[in-house]
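Text of structure31.txt, listed as compact mmCIF, N, CA and C atoms:
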```txt
# COMPACT_ATOMS: atom_id res chain seq x y z
N MET N 26 0.80 -1.19 0.00
CA MET N 26 0.00 0.00 0.00
C MET N 26 0.85 1.26 0.00
N ALA N 27 2.12 1.13 0.04
CA ALA N 27 3.00 2.29 0.09
C ALA N 27 3.22 2.89 -1.29
N ASN N 28 2.84 2.20 -2.35
CA ASN N 28 3.10 2.68 -3.70
C ASN N 28 1.83 3.26 -4.32
N PHE N 29 1.49 4.48 -3.91
CA PHE N 29 0.35 5.18 -4.49
C PHE N 29 0.84 6.01 -5.66
N ASP N 30 0.13 5.94 -6.78
CA ASP N 30 0.47 6.82 -7.89
C ASP N 30 -0.25 8.16 -7.70
N GLU N 31 0.02 9.11 -8.56
CA GLU N 31 -0.52 10.47 -8.41
C GLU N 31 -2.04 10.50 -8.51
N GLN N 32 -2.60 9.66 -9.37
CA GLN N 32 -4.04 9.65 -9.56
C GLN N 32 -4.75 9.12 -8.30
N THR N 33 -4.19 8.12 -7.66
CA THR N 33 -4.78 7.58 -6.44
C THR N 33 -4.73 8.61 -5.31
N VAL N 34 -3.62 9.30 -5.19
CA VAL N 34 -3.50 10.34 -4.15
C VAL N 34 -4.50 11.47 -4.40
N ALA N 35 -4.67 11.88 -5.65
CA ALA N 35 -5.63 12.93 -5.99
C ALA N 35 -7.06 12.48 -5.68
N ALA N 36 -7.38 11.24 -6.01
CA ALA N 36 -8.73 10.72 -5.74
C ALA N 36 -8.99 10.64 -4.24
N LEU N 37 -8.02 10.15 -3.48
CA LEU N 37 -8.18 10.06 -2.03
C LEU N 37 -8.31 11.44 -1.40
N THR N 38 -7.61 12.42 -1.92
CA THR N 38 -7.71 13.79 -1.43
C THR N 38 -9.11 14.35 -1.69
N CYS N 39 -9.64 14.12 -2.88
CA CYS N 39 -10.98 14.60 -3.20
C CYS N 39 -12.04 13.94 -2.32
N VAL N 40 -11.92 12.65 -2.11
CA VAL N 40 -12.88 11.94 -1.27
C VAL N 40 -12.79 12.43 0.17
N THR N 41 -11.59 12.63 0.67
CA THR N 41 -11.41 13.12 2.03
C THR N 41 -12.02 14.51 2.20
N LEU N 42 -11.78 15.40 1.26
CA LEU N 42 -12.35 16.75 1.34
C LEU N 42 -13.87 16.71 1.25
N ALA N 43 -14.43 15.82 0.44
CA ALA N 43 -15.88 15.69 0.33
C ALA N 43 -16.48 15.20 1.65
N ILE N 44 -15.83 14.24 2.29
CA ILE N 44 -16.32 13.72 3.57
C ILE N 44 -16.27 14.80 4.64
N ILE N 45 -15.21 15.58 4.66
CA ILE N 45 -15.09 16.68 5.63
C ILE N 45 -16.18 17.72 5.39
N ALA N 46 -16.42 18.08 4.13
CA ALA N 46 -17.45 19.08 3.81
C ALA N 46 -18.84 18.57 4.20
N MET N 47 -19.14 17.32 3.92
CA MET N 47 -20.44 16.76 4.28
C MET N 47 -20.61 16.69 5.79
N GLY N 48 -19.56 16.33 6.49
CA GLY N 48 -19.62 16.27 7.95
C GLY N 48 -19.85 17.64 8.55
N ARG N 49 -19.16 18.63 8.03
CA ARG N 49 -19.32 20.01 8.53
C ARG N 49 -20.73 20.52 8.26
N TRP N 50 -21.25 20.25 7.06
CA TRP N 50 -22.61 20.68 6.71
C TRP N 50 -23.63 19.99 7.59
N SER N 51 -23.45 18.70 7.82
CA SER N 51 -24.39 17.95 8.66
C SER N 51 -24.37 18.46 10.09
N LEU N 52 -23.20 18.76 10.61
CA LEU N 52 -23.09 19.26 11.98
C LEU N 52 -23.76 20.63 12.12
N ARG N 53 -23.55 21.50 11.15
CA ARG N 53 -24.19 22.82 11.20
C ARG N 53 -25.70 22.70 11.05
N TRP N 54 -26.18 21.77 10.23
CA TRP N 54 -27.62 21.56 10.08
C TRP N 54 -28.20 21.05 11.39
N TRP N 55 -27.53 20.09 12.03
CA TRP N 55 -28.03 19.51 13.27
C TRP N 55 -28.11 20.56 14.38
N ARG N 56 -27.14 21.46 14.43
CA ARG N 56 -27.14 22.52 15.44
C ARG N 56 -28.11 23.64 15.13
N GLY N 57 -28.65 23.67 13.92
CA GLY N 57 -29.62 24.69 13.55
C GLY N 57 -28.99 25.95 13.00
N GLN N 58 -27.72 25.90 12.65
CA GLN N 58 -27.06 27.06 12.08
C GLN N 58 -27.35 27.14 10.60
N SER N 59 -27.15 28.30 10.03
CA SER N 59 -27.36 28.49 8.60
C SER N 59 -26.33 27.71 7.82
N VAL N 60 -26.79 26.98 6.80
CA VAL N 60 -25.86 26.23 5.97
C VAL N 60 -25.63 26.93 4.64
N GLY N 61 -26.42 27.97 4.34
CA GLY N 61 -26.26 28.69 3.10
C GLY N 61 -25.42 29.94 3.29
N GLY N 62 -24.97 30.51 2.19
CA GLY N 62 -24.19 31.73 2.25
C GLY N 62 -25.09 32.94 2.03
N CYS N 63 -24.51 34.06 1.66
CA CYS N 63 -25.28 35.28 1.40
C CYS N 63 -26.22 35.04 0.24
N GLY N 64 -27.42 35.55 0.37
CA GLY N 64 -28.41 35.40 -0.68
C GLY N 64 -29.22 34.13 -0.55
N ALA N 65 -28.93 33.32 0.43
CA ALA N 65 -29.66 32.07 0.60
C ALA N 65 -31.05 32.32 1.16
N CYS N 66 -31.22 33.40 1.89
CA CYS N 66 -32.53 33.71 2.45
C CYS N 66 -33.17 34.82 1.64
N ALA N 67 -34.45 35.04 1.84
CA ALA N 67 -35.18 36.02 1.05
C ALA N 67 -34.70 37.44 1.31
N GLY N 68 -34.28 37.74 2.55
CA GLY N 68 -33.89 39.09 2.91
C GLY N 68 -32.44 39.42 2.60
N GLY N 69 -31.63 38.42 2.31
CA GLY N 69 -30.21 38.66 2.08
C GLY N 69 -29.46 38.81 3.39
N CYS N 70 -28.18 39.01 3.31
CA CYS N 70 -27.34 39.08 4.51
C CYS N 70 -27.45 40.43 5.22
N SER N 71 -27.80 41.46 4.49
CA SER N 71 -27.82 42.79 5.10
C SER N 71 -29.06 43.01 5.96
N ALA N 72 -30.08 42.21 5.78
CA ALA N 72 -31.31 42.39 6.55
C ALA N 72 -31.10 41.91 7.98
N ALA N 73 -31.45 42.77 8.94
CA ALA N 73 -31.32 42.40 10.34
C ALA N 73 -32.57 41.62 10.75
N SER N 74 -32.37 40.45 11.27
CA SER N 74 -33.50 39.65 11.70
C SER N 74 -33.16 39.00 13.03
N LYS N 75 -34.20 38.73 13.80
CA LYS N 75 -33.99 38.09 15.08
C LYS N 75 -33.70 36.61 14.84
N PRO N 76 -32.69 36.07 15.51
CA PRO N 76 -32.40 34.65 15.32
C PRO N 76 -33.53 33.80 15.91
N GLU N 77 -33.86 32.73 15.20
CA GLU N 77 -34.90 31.84 15.67
C GLU N 77 -34.37 31.00 16.82
N PRO N 78 -35.22 30.63 17.74
CA PRO N 78 -34.75 29.77 18.84
C PRO N 78 -34.33 28.40 18.30
N VAL N 79 -33.35 27.85 18.93
CA VAL N 79 -32.85 26.54 18.51
C VAL N 79 -33.88 25.48 18.86
N ARG N 80 -34.23 24.66 17.89
CA ARG N 80 -35.19 23.59 18.12
C ARG N 80 -34.48 22.26 17.98
N LEU N 81 -34.89 21.31 18.76
CA LEU N 81 -34.32 19.98 18.68
C LEU N 81 -34.81 19.29 17.42
N LYS N 82 -33.96 18.51 16.79
CA LYS N 82 -34.35 17.75 15.61
C LYS N 82 -35.16 16.52 15.99
N VAL N 83 -34.99 16.06 17.22
CA VAL N 83 -35.69 14.87 17.70
C VAL N 83 -36.58 15.29 18.86
N THR N 84 -37.84 14.89 18.81
CA THR N 84 -38.73 15.24 19.91
C THR N 84 -38.45 14.34 21.10
N LEU N 85 -38.50 14.92 22.26
CA LEU N 85 -38.24 14.17 23.49
C LEU N 85 -39.55 14.03 24.26
N PRO N 86 -39.96 12.82 24.55
CA PRO N 86 -41.20 12.65 25.31
C PRO N 86 -40.99 13.06 26.76
N ILE N 87 -42.04 13.55 27.38
CA ILE N 87 -41.98 13.92 28.79
C ILE N 87 -42.32 12.68 29.60
N ILE N 88 -41.42 12.30 30.45
CA ILE N 88 -41.61 11.10 31.27
C ILE N 88 -41.90 11.54 32.69
N ASP N 89 -43.07 11.20 33.17
CA ASP N 89 -43.43 11.52 34.55
C ASP N 89 -42.98 10.37 35.45
N ALA N 90 -42.42 10.75 36.57
CA ALA N 90 -42.01 9.72 37.53
C ALA N 90 -43.24 9.09 38.14
N ALA N 91 -43.25 7.80 38.19
CA ALA N 91 -44.39 7.08 38.76
C ALA N 91 -44.45 7.34 40.26
N GLU N 92 -45.63 7.60 40.75
CA GLU N 92 -45.78 7.86 42.17
C GLU N 92 -45.70 6.53 42.91
N LEU N 93 -44.95 6.52 43.97
CA LEU N 93 -44.82 5.31 44.80
C LEU N 93 -45.97 5.26 45.79
N LYS N 94 -46.59 4.13 45.89
CA LYS N 94 -47.72 3.99 46.82
C LYS N 94 -47.37 3.06 47.93
```

Once more with this new file: its structure as C-alpha cells, please.
Amino acid sequence: MANFDEQTVAALTCVTLAIIAMGRWSLRWWRGQSVGGCGACAGGCSAASKPEPVRLKVTLPIIDAAELK
C-alpha cells in the first residue's frame, strides 16, 4: 500500500475533502445554524433579523415519575 500513484493520491484527497465538507454541513444543520451563504434567504445578509430559537431535531417525550404507593 506504500506505492500510491498520483491519480490515487488525488482521488483520495478529493474523497477526504468531500467527507469533511459533508460532515461540517451535517453538523451545522443539526445545530440549527445556517448552511447557506449570502443570498440564501429572502432578505439577504444585510437584513437584520432576530435569530430563531434553537429547536431539537428529535422530539423528546416527557416522562413523569411514577408515584410510589

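Take atom N of Ala36 in chain N and CA of Arg53 in chain N: the distance between them is 26.7 Å.
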
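Pairwise distance (CA of Val83 in chain N, atom C of Gly57 in chain N) equals 13.8 Å.
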
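The spacing separating atom N of Arg56 in chain N from atom N of Pro86 in chain N amounts to 18.5 Å.
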